[in-house]
file upload35.txt (compact mmCIF, N, CA and C atoms)
# COMPACT_ATOMS: atom_id res chain seq x y z
N MET U 841 -4.85 10.17 18.26
CA MET U 841 -4.47 8.85 17.84
C MET U 841 -2.96 8.66 18.00
N ASP U 842 -2.60 7.52 18.50
CA ASP U 842 -1.18 7.21 18.65
C ASP U 842 -0.59 6.83 17.32
N LYS U 843 0.64 7.23 17.12
CA LYS U 843 1.37 6.81 15.93
C LYS U 843 1.95 5.43 16.20
N PHE U 844 1.94 4.59 15.19
CA PHE U 844 2.41 3.22 15.37
C PHE U 844 3.58 2.87 14.48
N LEU U 845 3.82 3.66 13.44
CA LEU U 845 4.96 3.37 12.57
C LEU U 845 6.27 3.66 13.29
N PRO U 846 7.28 2.84 13.05
CA PRO U 846 8.60 3.15 13.60
C PRO U 846 9.11 4.48 13.04
N SER U 847 9.94 5.15 13.78
CA SER U 847 10.44 6.47 13.35
C SER U 847 11.19 6.39 12.02
N PHE U 848 11.88 5.27 11.73
CA PHE U 848 12.60 5.17 10.46
C PHE U 848 11.63 5.14 9.28
N ASP U 849 10.42 4.58 9.46
CA ASP U 849 9.42 4.60 8.40
C ASP U 849 8.88 6.01 8.20
N ARG U 850 8.59 6.70 9.29
CA ARG U 850 8.11 8.08 9.17
C ARG U 850 9.15 8.97 8.52
N ALA U 851 10.42 8.78 8.88
CA ALA U 851 11.50 9.57 8.28
C ALA U 851 11.58 9.32 6.78
N TYR U 852 11.45 8.06 6.36
CA TYR U 852 11.47 7.72 4.93
C TYR U 852 10.31 8.41 4.20
N LEU U 853 9.10 8.29 4.74
CA LEU U 853 7.93 8.88 4.10
C LEU U 853 8.06 10.40 3.98
N GLU U 854 8.57 11.02 5.02
CA GLU U 854 8.74 12.48 5.00
C GLU U 854 9.86 12.88 4.04
N ASP U 855 10.94 12.11 4.00
CA ASP U 855 12.04 12.39 3.08
C ASP U 855 11.58 12.31 1.63
N LYS U 856 10.69 11.37 1.32
CA LYS U 856 10.17 11.19 -0.05
C LYS U 856 8.99 12.12 -0.33
N LEU U 857 8.63 12.94 0.63
CA LEU U 857 7.55 13.93 0.52
C LEU U 857 6.18 13.30 0.28
N TYR U 858 5.98 12.10 0.81
CA TYR U 858 4.67 11.47 0.73
C TYR U 858 3.72 12.17 1.70
N SER U 859 2.50 12.38 1.26
CA SER U 859 1.44 12.86 2.14
C SER U 859 0.77 11.62 2.71
N TYR U 860 0.91 11.39 4.01
CA TYR U 860 0.44 10.14 4.59
C TYR U 860 -0.23 10.37 5.93
N LYS U 861 -0.98 9.35 6.33
CA LYS U 861 -1.54 9.36 7.69
C LYS U 861 -1.58 7.93 8.20
N GLU U 862 -1.44 7.83 9.50
CA GLU U 862 -1.55 6.56 10.20
C GLU U 862 -2.97 6.50 10.77
N VAL U 863 -3.69 5.42 10.45
CA VAL U 863 -5.08 5.30 10.87
C VAL U 863 -5.28 3.99 11.63
N ASN U 864 -6.28 4.00 12.51
CA ASN U 864 -6.61 2.82 13.31
C ASN U 864 -8.11 2.79 13.51
N ASP U 865 -8.71 1.60 13.35
CA ASP U 865 -10.15 1.47 13.57
C ASP U 865 -10.46 0.64 14.82
N GLY U 866 -9.46 0.46 15.67
CA GLY U 866 -9.64 -0.33 16.88
C GLY U 866 -9.24 -1.79 16.69
N ALA U 867 -9.27 -2.25 15.44
CA ALA U 867 -8.91 -3.65 15.15
C ALA U 867 -7.61 -3.76 14.37
N ARG U 868 -7.27 -2.71 13.64
CA ARG U 868 -6.08 -2.78 12.79
C ARG U 868 -5.50 -1.39 12.55
N ASN U 869 -4.23 -1.40 12.21
CA ASN U 869 -3.51 -0.18 11.85
C ASN U 869 -3.33 -0.14 10.35
N GLY U 870 -3.41 1.06 9.79
CA GLY U 870 -3.18 1.21 8.37
C GLY U 870 -2.40 2.47 8.07
N LEU U 871 -1.62 2.40 7.01
CA LEU U 871 -0.89 3.55 6.49
C LEU U 871 -1.58 3.93 5.19
N ILE U 872 -2.01 5.18 5.07
CA ILE U 872 -2.61 5.67 3.83
C ILE U 872 -1.72 6.76 3.27
N ILE U 873 -1.27 6.54 2.04
CA ILE U 873 -0.47 7.53 1.32
C ILE U 873 -1.37 8.13 0.24
N SER U 874 -1.63 9.42 0.34
CA SER U 874 -2.49 10.11 -0.62
C SER U 874 -1.71 10.41 -1.90
N ASP U 875 -2.44 10.45 -3.01
CA ASP U 875 -1.88 10.86 -4.30
C ASP U 875 -0.62 10.08 -4.67
N PHE U 876 -0.68 8.77 -4.52
CA PHE U 876 0.45 7.91 -4.88
C PHE U 876 0.53 7.86 -6.40
N LYS U 877 1.68 8.24 -6.94
CA LYS U 877 1.84 8.31 -8.39
C LYS U 877 1.94 6.91 -8.99
N LEU U 878 1.24 6.74 -10.12
CA LEU U 878 1.18 5.46 -10.82
C LEU U 878 2.01 5.52 -12.10
N PRO U 879 2.40 4.37 -12.63
CA PRO U 879 3.16 4.37 -13.89
C PRO U 879 2.39 5.11 -14.99
N GLU U 880 3.06 5.99 -15.67
CA GLU U 880 2.43 6.83 -16.68
C GLU U 880 1.85 5.99 -17.82
N GLY U 881 0.58 6.26 -18.15
CA GLY U 881 -0.08 5.63 -19.28
C GLY U 881 -0.57 4.22 -19.04
N LYS U 882 -0.37 3.67 -17.86
CA LYS U 882 -0.75 2.27 -17.59
C LYS U 882 -2.17 2.14 -17.04
N TYR U 883 -2.58 3.12 -16.24
CA TYR U 883 -3.89 3.08 -15.58
C TYR U 883 -4.73 4.27 -16.01
N THR U 884 -6.05 4.16 -15.79
CA THR U 884 -6.94 5.23 -16.21
C THR U 884 -6.90 6.45 -15.29
N VAL U 885 -6.17 6.33 -14.18
CA VAL U 885 -5.92 7.48 -13.31
C VAL U 885 -4.40 7.60 -13.14
N SER U 886 -3.93 8.79 -12.86
CA SER U 886 -2.49 9.00 -12.73
C SER U 886 -2.00 8.85 -11.30
N CYS U 887 -2.92 8.94 -10.33
CA CYS U 887 -2.55 8.73 -8.93
C CYS U 887 -3.78 8.24 -8.17
N SER U 888 -3.53 7.63 -7.05
CA SER U 888 -4.58 7.06 -6.22
C SER U 888 -4.03 6.96 -4.80
N SER U 889 -4.92 6.87 -3.83
CA SER U 889 -4.46 6.65 -2.46
C SER U 889 -4.08 5.19 -2.29
N LEU U 890 -2.93 4.97 -1.69
CA LEU U 890 -2.42 3.63 -1.40
C LEU U 890 -2.60 3.37 0.09
N MET U 891 -3.17 2.20 0.42
CA MET U 891 -3.29 1.82 1.82
C MET U 891 -2.55 0.51 2.04
N ILE U 892 -1.81 0.48 3.13
CA ILE U 892 -1.08 -0.71 3.55
C ILE U 892 -1.52 -1.01 4.98
N ILE U 893 -2.07 -2.22 5.19
CA ILE U 893 -2.42 -2.64 6.55
C ILE U 893 -1.12 -3.05 7.24
N ILE U 894 -0.88 -2.49 8.40
CA ILE U 894 0.34 -2.78 9.16
C ILE U 894 0.02 -3.86 10.19
N PRO U 895 0.59 -5.05 10.02
CA PRO U 895 0.23 -6.16 10.90
C PRO U 895 0.80 -6.03 12.30
N GLN U 896 0.18 -6.72 13.25
CA GLN U 896 0.76 -6.83 14.59
C GLN U 896 2.12 -7.50 14.43
N GLY U 897 3.11 -7.01 15.12
CA GLY U 897 4.45 -7.57 15.02
C GLY U 897 5.32 -6.93 13.96
N TYR U 898 4.75 -5.94 13.21
CA TYR U 898 5.55 -5.19 12.25
C TYR U 898 6.63 -4.46 13.05
N SER U 899 7.82 -4.42 12.72
CA SER U 899 8.48 -4.60 11.44
C SER U 899 9.18 -5.95 11.29
N ASP U 900 8.95 -6.84 12.25
CA ASP U 900 9.47 -8.20 12.09
C ASP U 900 8.61 -9.01 11.14
N ILE U 901 7.34 -8.65 11.02
CA ILE U 901 6.39 -9.31 10.13
C ILE U 901 6.03 -8.33 9.02
N PRO U 902 6.08 -8.76 7.75
CA PRO U 902 5.79 -7.83 6.65
C PRO U 902 4.30 -7.57 6.47
N PRO U 903 3.96 -6.42 5.89
CA PRO U 903 2.58 -6.24 5.43
C PRO U 903 2.28 -7.29 4.36
N ASP U 904 1.01 -7.57 4.15
CA ASP U 904 0.66 -8.63 3.20
C ASP U 904 0.17 -8.03 1.89
N MET U 905 -1.08 -7.63 1.83
CA MET U 905 -1.64 -7.08 0.60
C MET U 905 -1.67 -5.55 0.69
N PHE U 906 -1.98 -4.92 -0.44
CA PHE U 906 -2.13 -3.47 -0.44
C PHE U 906 -3.41 -3.12 -1.19
N TYR U 907 -3.83 -1.87 -1.06
CA TYR U 907 -5.14 -1.44 -1.53
C TYR U 907 -5.03 -0.06 -2.18
N PHE U 908 -5.95 0.20 -3.13
CA PHE U 908 -6.02 1.52 -3.76
C PHE U 908 -7.44 2.05 -3.74
N SER U 909 -7.56 3.37 -3.62
CA SER U 909 -8.83 4.07 -3.74
C SER U 909 -8.52 5.46 -4.30
N PRO U 910 -9.06 5.82 -5.47
CA PRO U 910 -9.99 5.04 -6.28
C PRO U 910 -9.30 3.83 -6.92
N ALA U 911 -10.15 2.91 -7.37
CA ALA U 911 -9.67 1.67 -7.98
C ALA U 911 -8.89 1.95 -9.26
N LEU U 912 -7.97 1.04 -9.55
CA LEU U 912 -7.14 1.16 -10.75
C LEU U 912 -7.67 0.24 -11.84
N THR U 913 -7.82 0.79 -13.03
CA THR U 913 -8.24 0.07 -14.22
C THR U 913 -7.15 0.22 -15.26
N MET U 914 -6.86 -0.86 -15.96
CA MET U 914 -5.82 -0.85 -16.98
C MET U 914 -6.30 -0.07 -18.22
N VAL U 915 -5.46 0.81 -18.74
CA VAL U 915 -5.79 1.55 -19.95
C VAL U 915 -5.95 0.60 -21.14
N SER U 916 -5.07 -0.40 -21.24
CA SER U 916 -5.04 -1.30 -22.40
C SER U 916 -6.30 -2.15 -22.56
N SER U 917 -6.95 -2.49 -21.46
CA SER U 917 -8.09 -3.41 -21.54
C SER U 917 -9.36 -2.89 -20.87
N ASN U 918 -9.26 -1.78 -20.17
CA ASN U 918 -10.35 -1.21 -19.39
C ASN U 918 -10.89 -2.22 -18.37
N THR U 919 -9.99 -3.05 -17.83
CA THR U 919 -10.34 -4.03 -16.80
C THR U 919 -9.43 -3.81 -15.59
N TYR U 920 -9.81 -4.45 -14.49
CA TYR U 920 -8.96 -4.42 -13.31
C TYR U 920 -7.75 -5.34 -13.54
N PRO U 921 -6.63 -5.03 -12.92
CA PRO U 921 -5.48 -5.95 -13.00
C PRO U 921 -5.85 -7.30 -12.38
N ALA U 922 -5.09 -8.34 -12.74
CA ALA U 922 -5.31 -9.67 -12.18
C ALA U 922 -5.21 -9.62 -10.65
N GLN U 923 -6.06 -10.35 -9.99
CA GLN U 923 -6.13 -10.43 -8.54
C GLN U 923 -6.30 -9.05 -7.87
N ALA U 924 -7.02 -8.16 -8.57
CA ALA U 924 -7.31 -6.84 -8.00
C ALA U 924 -8.76 -6.45 -8.28
N ASP U 925 -9.65 -7.43 -8.19
CA ASP U 925 -11.06 -7.18 -8.50
C ASP U 925 -11.98 -7.38 -7.30
N VAL U 926 -11.41 -7.38 -6.10
CA VAL U 926 -12.20 -7.49 -4.87
C VAL U 926 -12.11 -6.15 -4.15
N PHE U 927 -13.23 -5.73 -3.57
CA PHE U 927 -13.29 -4.44 -2.88
C PHE U 927 -13.68 -4.66 -1.42
N GLU U 928 -13.09 -3.86 -0.55
CA GLU U 928 -13.37 -3.94 0.88
C GLU U 928 -13.56 -2.54 1.44
N ASN U 929 -14.50 -2.42 2.38
CA ASN U 929 -14.69 -1.17 3.08
C ASN U 929 -13.81 -1.21 4.33
N ILE U 930 -12.78 -0.37 4.33
CA ILE U 930 -11.83 -0.32 5.44
C ILE U 930 -11.60 1.15 5.79
N PHE U 931 -11.63 1.46 7.06
CA PHE U 931 -11.45 2.84 7.54
C PHE U 931 -12.46 3.79 6.89
N GLY U 932 -13.65 3.27 6.58
CA GLY U 932 -14.72 4.10 6.04
C GLY U 932 -14.64 4.40 4.56
N LEU U 933 -13.71 3.77 3.84
CA LEU U 933 -13.58 3.97 2.39
C LEU U 933 -13.63 2.62 1.67
N ASN U 934 -14.05 2.67 0.40
CA ASN U 934 -14.06 1.47 -0.43
C ASN U 934 -12.69 1.33 -1.10
N TRP U 935 -12.02 0.22 -0.84
CA TRP U 935 -10.65 0.00 -1.34
C TRP U 935 -10.60 -1.19 -2.29
N GLN U 936 -9.82 -1.05 -3.34
CA GLN U 936 -9.52 -2.15 -4.26
C GLN U 936 -8.36 -2.95 -3.67
N ARG U 937 -8.61 -4.22 -3.40
CA ARG U 937 -7.59 -5.07 -2.79
C ARG U 937 -6.72 -5.69 -3.88
N TRP U 938 -5.42 -5.49 -3.76
CA TRP U 938 -4.44 -6.13 -4.64
C TRP U 938 -3.90 -7.34 -3.89
N SER U 939 -4.29 -8.51 -4.33
CA SER U 939 -3.90 -9.74 -3.66
C SER U 939 -2.50 -10.15 -4.11
N ARG U 940 -1.52 -9.56 -3.47
CA ARG U 940 -0.11 -9.84 -3.75
C ARG U 940 0.52 -10.19 -2.40
N HIS U 941 0.45 -11.45 -2.05
CA HIS U 941 0.88 -11.86 -0.72
C HIS U 941 2.39 -11.78 -0.55
N ALA U 942 2.78 -11.35 0.62
CA ALA U 942 4.20 -11.18 0.95
C ALA U 942 4.88 -12.52 1.15
N ASP U 943 6.12 -12.60 0.72
CA ASP U 943 6.96 -13.76 0.99
C ASP U 943 7.63 -13.50 2.34
N GLN U 944 7.08 -14.09 3.38
CA GLN U 944 7.57 -13.82 4.73
C GLN U 944 9.04 -14.20 4.90
N SER U 945 9.50 -15.22 4.17
CA SER U 945 10.90 -15.65 4.32
C SER U 945 11.87 -14.65 3.71
N ALA U 946 11.39 -13.82 2.78
CA ALA U 946 12.26 -12.83 2.15
C ALA U 946 12.33 -11.53 2.95
N TRP U 947 11.43 -11.35 3.91
CA TRP U 947 11.39 -10.13 4.71
C TRP U 947 12.48 -10.18 5.77
N ARG U 948 13.27 -9.12 5.84
CA ARG U 948 14.37 -9.04 6.80
C ARG U 948 13.96 -8.12 7.95
N GLY U 949 13.52 -8.73 9.04
CA GLY U 949 13.11 -7.96 10.20
C GLY U 949 14.23 -7.05 10.68
N GLY U 950 13.89 -5.80 10.96
CA GLY U 950 14.89 -4.84 11.42
C GLY U 950 15.64 -4.17 10.28
N VAL U 951 15.49 -4.68 9.06
CA VAL U 951 16.15 -4.09 7.88
C VAL U 951 15.08 -3.54 6.93
N ASP U 952 14.11 -4.41 6.59
CA ASP U 952 13.04 -3.99 5.69
C ASP U 952 12.02 -3.14 6.44
N GLY U 953 11.32 -2.35 5.67
CA GLY U 953 10.31 -1.47 6.24
C GLY U 953 9.41 -0.96 5.13
N ILE U 954 8.75 0.15 5.37
CA ILE U 954 7.87 0.74 4.37
C ILE U 954 8.64 1.02 3.08
N HIS U 955 9.89 1.42 3.19
CA HIS U 955 10.67 1.71 1.98
C HIS U 955 10.76 0.50 1.07
N SER U 956 11.00 -0.69 1.61
CA SER U 956 11.11 -1.89 0.79
C SER U 956 9.72 -2.38 0.36
N TYR U 957 8.71 -2.18 1.19
CA TYR U 957 7.37 -2.60 0.80
C TYR U 957 6.85 -1.76 -0.36
N ILE U 958 7.11 -0.45 -0.32
CA ILE U 958 6.67 0.41 -1.43
C ILE U 958 7.36 0.00 -2.73
N GLN U 959 8.61 -0.44 -2.66
CA GLN U 959 9.27 -0.95 -3.87
C GLN U 959 8.51 -2.14 -4.43
N ARG U 960 8.02 -2.99 -3.56
CA ARG U 960 7.21 -4.14 -3.97
C ARG U 960 5.92 -3.69 -4.65
N VAL U 961 5.28 -2.67 -4.09
CA VAL U 961 4.04 -2.12 -4.67
C VAL U 961 4.34 -1.57 -6.06
N VAL U 962 5.40 -0.79 -6.20
CA VAL U 962 5.75 -0.19 -7.49
C VAL U 962 6.02 -1.28 -8.54
N LYS U 963 6.73 -2.32 -8.15
CA LYS U 963 6.99 -3.43 -9.08
C LYS U 963 5.67 -4.06 -9.52
N ALA U 964 4.76 -4.30 -8.58
CA ALA U 964 3.47 -4.90 -8.92
C ALA U 964 2.67 -4.00 -9.87
N LEU U 965 2.76 -2.70 -9.67
CA LEU U 965 2.06 -1.76 -10.56
C LEU U 965 2.61 -1.84 -11.99
N HIS U 966 3.89 -2.01 -12.12
CA HIS U 966 4.52 -2.07 -13.45
C HIS U 966 4.24 -3.38 -14.17
N VAL U 967 4.18 -4.49 -13.45
CA VAL U 967 4.01 -5.79 -14.11
C VAL U 967 2.54 -6.21 -14.25
N ALA U 968 1.62 -5.46 -13.66
CA ALA U 968 0.19 -5.82 -13.72
C ALA U 968 -0.30 -5.85 -15.16
call {"tool": "encode", "arguments": {"input": "upload35.txt", "output": "structure tokens"}}
result
Amino acid sequence: MDKFLPSFDRAYLEDKLYSYKEVNDGARNGLIISDFKLPEGKYTVSCSSLMIIIPQGYSDIPPDMFYFSPALTMVSSNTYPAQADVFENIFGLNWQRWSRHADQSAWRGGVDGIHSYIQRVVKALHVA
């Protein structure tokens, strides 16, 4: 399989010691980060795999939504977070879709990358 992430994204992921793989099903590219650590005490699991679909035209175009497997349930209510109750089978796994659409006007092509998108994911995990 060909790698599709820019080298600066791979360097960031390796520097942060993320265990990741680049996957493709013929129609789309995805980044899967295994054992992504979650905010302590917020979810019923402490880590989950994070998937980010990498759109055509990335890195000028931002990723949109992100996904987790296994699904995340809030400790406080034993429910899914808001806008995270839809599931999709992608790359042969069942993923919980977090509908957090990207603000395309805030994305800085050539500057932003996986490092800034992961910050967005972390913020969403904390405020869910």
call {"tool": "closest_residue", "arguments": {"input": "upload35.txt", "among": "U:Ala922, U:Leu933, U:Ala851, U:Met891", "to": "U:Ala968", "atoms": "all atoms listed in the file"}}
result
U:Ala922
call {"tool": "closest_residue", "arguments": {"input": "upload35.txt", "among": "U:Leu853, U:Ile901, U:Ile892, U:Ile872", "to": "U:Arg948", "atoms": "all atoms listed in the file"}}
result
U:Ile901
call {"tool": "residues_around", "arguments": {"input": "upload35.txt", "residues": "U:Leu871", "least_positions_apart": "2", "cutoff": "8 Å", "atoms": "only C-alpha atoms", "output": "PyMOL selection string"}}
result
chain U and resi 860-863+869+873+891-894
call {"tool": "closest_residue", "arguments": {"input": "upload35.txt", "among": "U:Lys856, U:Arg868, U:Lys877, U:Lys882", "to": "U:Ser917", "atoms": "only C-alpha atoms"}}
result
U:Lys882
call {"tool": "residues_around", "arguments": {"input": "upload35.txt", "residues": "U:Asp952", "least_positions_apart": "5", "cutoff": "6.5 Å", "atoms": "only N, CA and C atoms", "output": "number ranges by chain"}}
result
U: 899, 947, 957
call {"tool": "atom_distance", "arguments": {"input": "upload35.txt", "atom1": "atom CA of U:Tyr920", "atom2": "atom CA of U:Leu965"}}
result
11.7 Å
call {"tool": "atom_distance", "arguments": {"input": "upload35.txt", "atom1": "atom C of U:Pro910", "atom2": "atom N of U:Ser889"}}
result
6.2 Å
call {"tool": "atom_distance", "arguments": {"input": "upload35.txt", "atom1": "atom CA of U:Asp875", "atom2": "atom C of U:Thr919"}}
result
20.0 Å
call {"tool": "closest_residue", "arguments": {"input": "upload35.txt", "among": "U:Pro846, U:Ser888, U:Phe908, U:Thr913", "to": "U:Asn934", "atoms": "only C-alpha atoms"}}
result
U:Phe908
call {"tool": "closest_residue", "arguments": {"input": "upload35.txt", "among": "U:Ala946, U:Ala924, U:Leu857, U:Val962", "to": "U:Pro902", "atoms": "only C-alpha atoms"}}
result
U:Ala946
call {"tool": "closest_residue", "arguments": {"input": "upload35.txt", "among": "U:Pro903, U:Ser909, U:Lys843, U:Trp938", "to": "U:Gln923", "atoms": "only C-alpha atoms"}}
result
U:Trp938
call {"tool": "select_by_dssp", "arguments": {"input": "upload35.txt", "residues": "chain U", "states": "alpha helix (DSSP H)", "output": "ChimeraX atom specification"}}
result
/U:847-855,954-967
call {"tool": "select_by_dssp", "arguments": {"input": "upload35.txt", "residues": "stretch 875-967 of chain U", "states": "strand (DSSP E or B)", "output": "list in words"}}
result
Asp875, Phe876, Lys877, Tyr883, Cys887, Ser888, Ser889, Leu890, Met891, Ile892, Ile893, Ile894, Phe906, Tyr907, Phe908, Ser909, Met914, Val926, Phe927, Glu928, Asn929, Ile930, Leu933, Asn934, Trp935, Gln936, Arg937 and Trp938 of chain U
call {"tool": "axis_aligned_box", "arguments": {"input": "upload35.txt", "around": "stretch 886-889 of chain U", "padding_each_side": "4 Å", "output": "JSON"}}
result
{"center_x": -3.5, "center_y": 7.1, "center_z": -7.6, "size_x": 10.9, "size_y": 11.8, "size_z": 18.6}
call {"tool": "residues_near_point", "arguments": {"input": "upload35.txt", "point": "(-3.3, 2.8, -17.1)", "cutoff": "8 Å", "atoms": "only N, CA and C atoms", "output": "list in words"}}
result
Leu878, Pro879, Glu880, Gly881, Lys882, Tyr883, Thr884, Val885, Ser886, Leu912, Thr913, Met914, Val915, Ser916 and Ser917 of chain U
call {"tool": "write_last_selection", "arguments": {"input": "upload35.txt", "atoms": "N, CA and C atoms", "output": "PDB file, in the frame of the given file"}}
result
ATOM      1  N   LEU U 878       1.240   6.740 -10.120  1.00  0.00           N
ATOM      2  CA  LEU U 878       1.180   5.460 -10.820  1.00  0.00           C
ATOM      3  C   LEU U 878       2.010   5.520 -12.100  1.00  0.00           C
ATOM      4  N   PRO U 879       2.400   4.370 -12.630  1.00  0.00           N
ATOM      5  CA  PRO U 879       3.160   4.370 -13.890  1.00  0.00           C
ATOM      6  C   PRO U 879       2.390   5.110 -14.990  1.00  0.00           C
ATOM      7  N   GLU U 880       3.060   5.990 -15.670  1.00  0.00           N
ATOM      8  CA  GLU U 880       2.430   6.830 -16.680  1.00  0.00           C
ATOM      9  C   GLU U 880       1.850   5.990 -17.820  1.00  0.00           C
ATOM     10  N   GLY U 881       0.580   6.260 -18.150  1.00  0.00           N
ATOM     11  CA  GLY U 881      -0.080   5.630 -19.280  1.00  0.00           C
ATOM     12  C   GLY U 881      -0.570   4.220 -19.040  1.00  0.00           C
ATOM     13  N   LYS U 882      -0.370   3.670 -17.860  1.00  0.00           N
ATOM     14  CA  LYS U 882      -0.750   2.270 -17.590  1.00  0.00           C
ATOM     15  C   LYS U 882      -2.170   2.140 -17.040  1.00  0.00           C
ATOM     16  N   TYR U 883      -2.580   3.120 -16.240  1.00  0.00           N
ATOM     17  CA  TYR U 883      -3.890   3.080 -15.580  1.00  0.00           C
ATOM     18  C   TYR U 883      -4.730   4.270 -16.010  1.00  0.00           C
ATOM     19  N   THR U 884      -6.050   4.160 -15.790  1.00  0.00           N
ATOM     20  CA  THR U 884      -6.940   5.230 -16.210  1.00  0.00           C
ATOM     21  C   THR U 884      -6.900   6.450 -15.290  1.00  0.00           C
ATOM     22  N   VAL U 885      -6.170   6.330 -14.180  1.00  0.00           N
ATOM     23  CA  VAL U 885      -5.920   7.480 -13.310  1.00  0.00           C
ATOM     24  C   VAL U 885      -4.400   7.600 -13.140  1.00  0.00           C
ATOM     25  N   SER U 886      -3.930   8.790 -12.860  1.00  0.00           N
ATOM     26  CA  SER U 886      -2.490   9.000 -12.730  1.00  0.00           C
ATOM     27  C   SER U 886      -2.000   8.850 -11.300  1.00  0.00           C
ATOM     28  N   LEU U 912      -7.970   1.040  -9.550  1.00  0.00           N
ATOM     29  CA  LEU U 912      -7.140   1.160 -10.750  1.00  0.00           C
ATOM     30  C   LEU U 912      -7.670   0.240 -11.840  1.00  0.00           C
ATOM     31  N   THR U 913      -7.820   0.790 -13.030  1.00  0.00           N
ATOM     32  CA  THR U 913      -8.240   0.070 -14.220  1.00  0.00           C
ATOM     33  C   THR U 913      -7.150   0.220 -15.260  1.00  0.00           C
ATOM     34  N   MET U 914      -6.860  -0.860 -15.960  1.00  0.00           N
ATOM     35  CA  MET U 914      -5.820  -0.850 -16.980  1.00  0.00           C
ATOM     36  C   MET U 914      -6.300  -0.070 -18.220  1.00  0.00           C
ATOM     37  N   VAL U 915      -5.460   0.810 -18.740  1.00  0.00           N
ATOM     38  CA  VAL U 915      -5.790   1.550 -19.950  1.00  0.00           C
ATOM     39  C   VAL U 915      -5.950   0.600 -21.140  1.00  0.00           C
ATOM     40  N   SER U 916      -5.070  -0.400 -21.240  1.00  0.00           N
ATOM     41  CA  SER U 916      -5.040  -1.300 -22.400  1.00  0.00           C
ATOM     42  C   SER U 916      -6.300  -2.150 -22.560  1.00  0.00           C
ATOM     43  N   SER U 917      -6.950  -2.490 -21.460  1.00  0.00           N
ATOM     44  CA  SER U 917      -8.090  -3.410 -21.540  1.00  0.00           C
ATOM     45  C   SER U 917      -9.360  -2.890 -20.870  1.00  0.00           C
TER      46      SER U 917
END
call {"tool": "residues_around", "arguments": {"input": "upload35.txt", "residues": "U:Ser939", "least_positions_apart": "3", "cutoff": "10 Å", "atoms": "only C-alpha atoms", "output": "PyMOL selection string"}}
result
chain U and resi 904-907+922-926+936+942
call {"tool": "write_last_selection", "arguments": {"input": "upload35.txt", "atoms": "N, CA and C atoms", "output": "PDB file, keeping the file's coordinate frame"}}
result
ATOM      1  N   ASP U 904       1.010  -7.570   4.150  1.00  0.00           N
ATOM      2  CA  ASP U 904       0.660  -8.630   3.200  1.00  0.00           C
ATOM      3  C   ASP U 904       0.170  -8.030   1.890  1.00  0.00           C
ATOM      4  N   MET U 905      -1.080  -7.630   1.830  1.00  0.00           N
ATOM      5  CA  MET U 905      -1.640  -7.080   0.600  1.00  0.00           C
ATOM      6  C   MET U 905      -1.670  -5.550   0.690  1.00  0.00           C
ATOM      7  N   PHE U 906      -1.980  -4.920  -0.440  1.00  0.00           N
ATOM      8  CA  PHE U 906      -2.130  -3.470  -0.440  1.00  0.00           C
ATOM      9  C   PHE U 906      -3.410  -3.120  -1.190  1.00  0.00           C
ATOM     10  N   TYR U 907      -3.830  -1.870  -1.060  1.00  0.00           N
ATOM     11  CA  TYR U 907      -5.140  -1.440  -1.530  1.00  0.00           C
ATOM     12  C   TYR U 907      -5.030  -0.060  -2.180  1.00  0.00           C
ATOM     13  N   ALA U 922      -5.090  -8.340 -12.740  1.00  0.00           N
ATOM     14  CA  ALA U 922      -5.310  -9.670 -12.180  1.00  0.00           C
ATOM     15  C   ALA U 922      -5.210  -9.620 -10.650  1.00  0.00           C
ATOM     16  N   GLN U 923      -6.060 -10.350  -9.990  1.00  0.00           N
ATOM     17  CA  GLN U 923      -6.130 -10.430  -8.540  1.00  0.00           C
ATOM     18  C   GLN U 923      -6.300  -9.050  -7.870  1.00  0.00           C
ATOM     19  N   ALA U 924      -7.020  -8.160  -8.570  1.00  0.00           N
ATOM     20  CA  ALA U 924      -7.310  -6.840  -8.000  1.00  0.00           C
ATOM     21  C   ALA U 924      -8.760  -6.450  -8.280  1.00  0.00           C
ATOM     22  N   ASP U 925      -9.650  -7.430  -8.190  1.00  0.00           N
ATOM     23  CA  ASP U 925     -11.060  -7.180  -8.500  1.00  0.00           C
ATOM     24  C   ASP U 925     -11.980  -7.380  -7.300  1.00  0.00           C
ATOM     25  N   VAL U 926     -11.410  -7.380  -6.100  1.00  0.00           N
ATOM     26  CA  VAL U 926     -12.200  -7.490  -4.870  1.00  0.00           C
ATOM     27  C   VAL U 926     -12.110  -6.150  -4.150  1.00  0.00           C
ATOM     28  N   GLN U 936      -9.820  -1.050  -3.340  1.00  0.00           N
ATOM     29  CA  GLN U 936      -9.520  -2.150  -4.260  1.00  0.00           C
ATOM     30  C   GLN U 936      -8.360  -2.950  -3.670  1.00  0.00           C
ATOM     31  N   ALA U 942       2.780 -11.350   0.620  1.00  0.00           N
ATOM     32  CA  ALA U 942       4.200 -11.180   0.950  1.00  0.00           C
ATOM     33  C   ALA U 942       4.880 -12.520   1.150  1.00  0.00           C
TER      34      ALA U 942
END
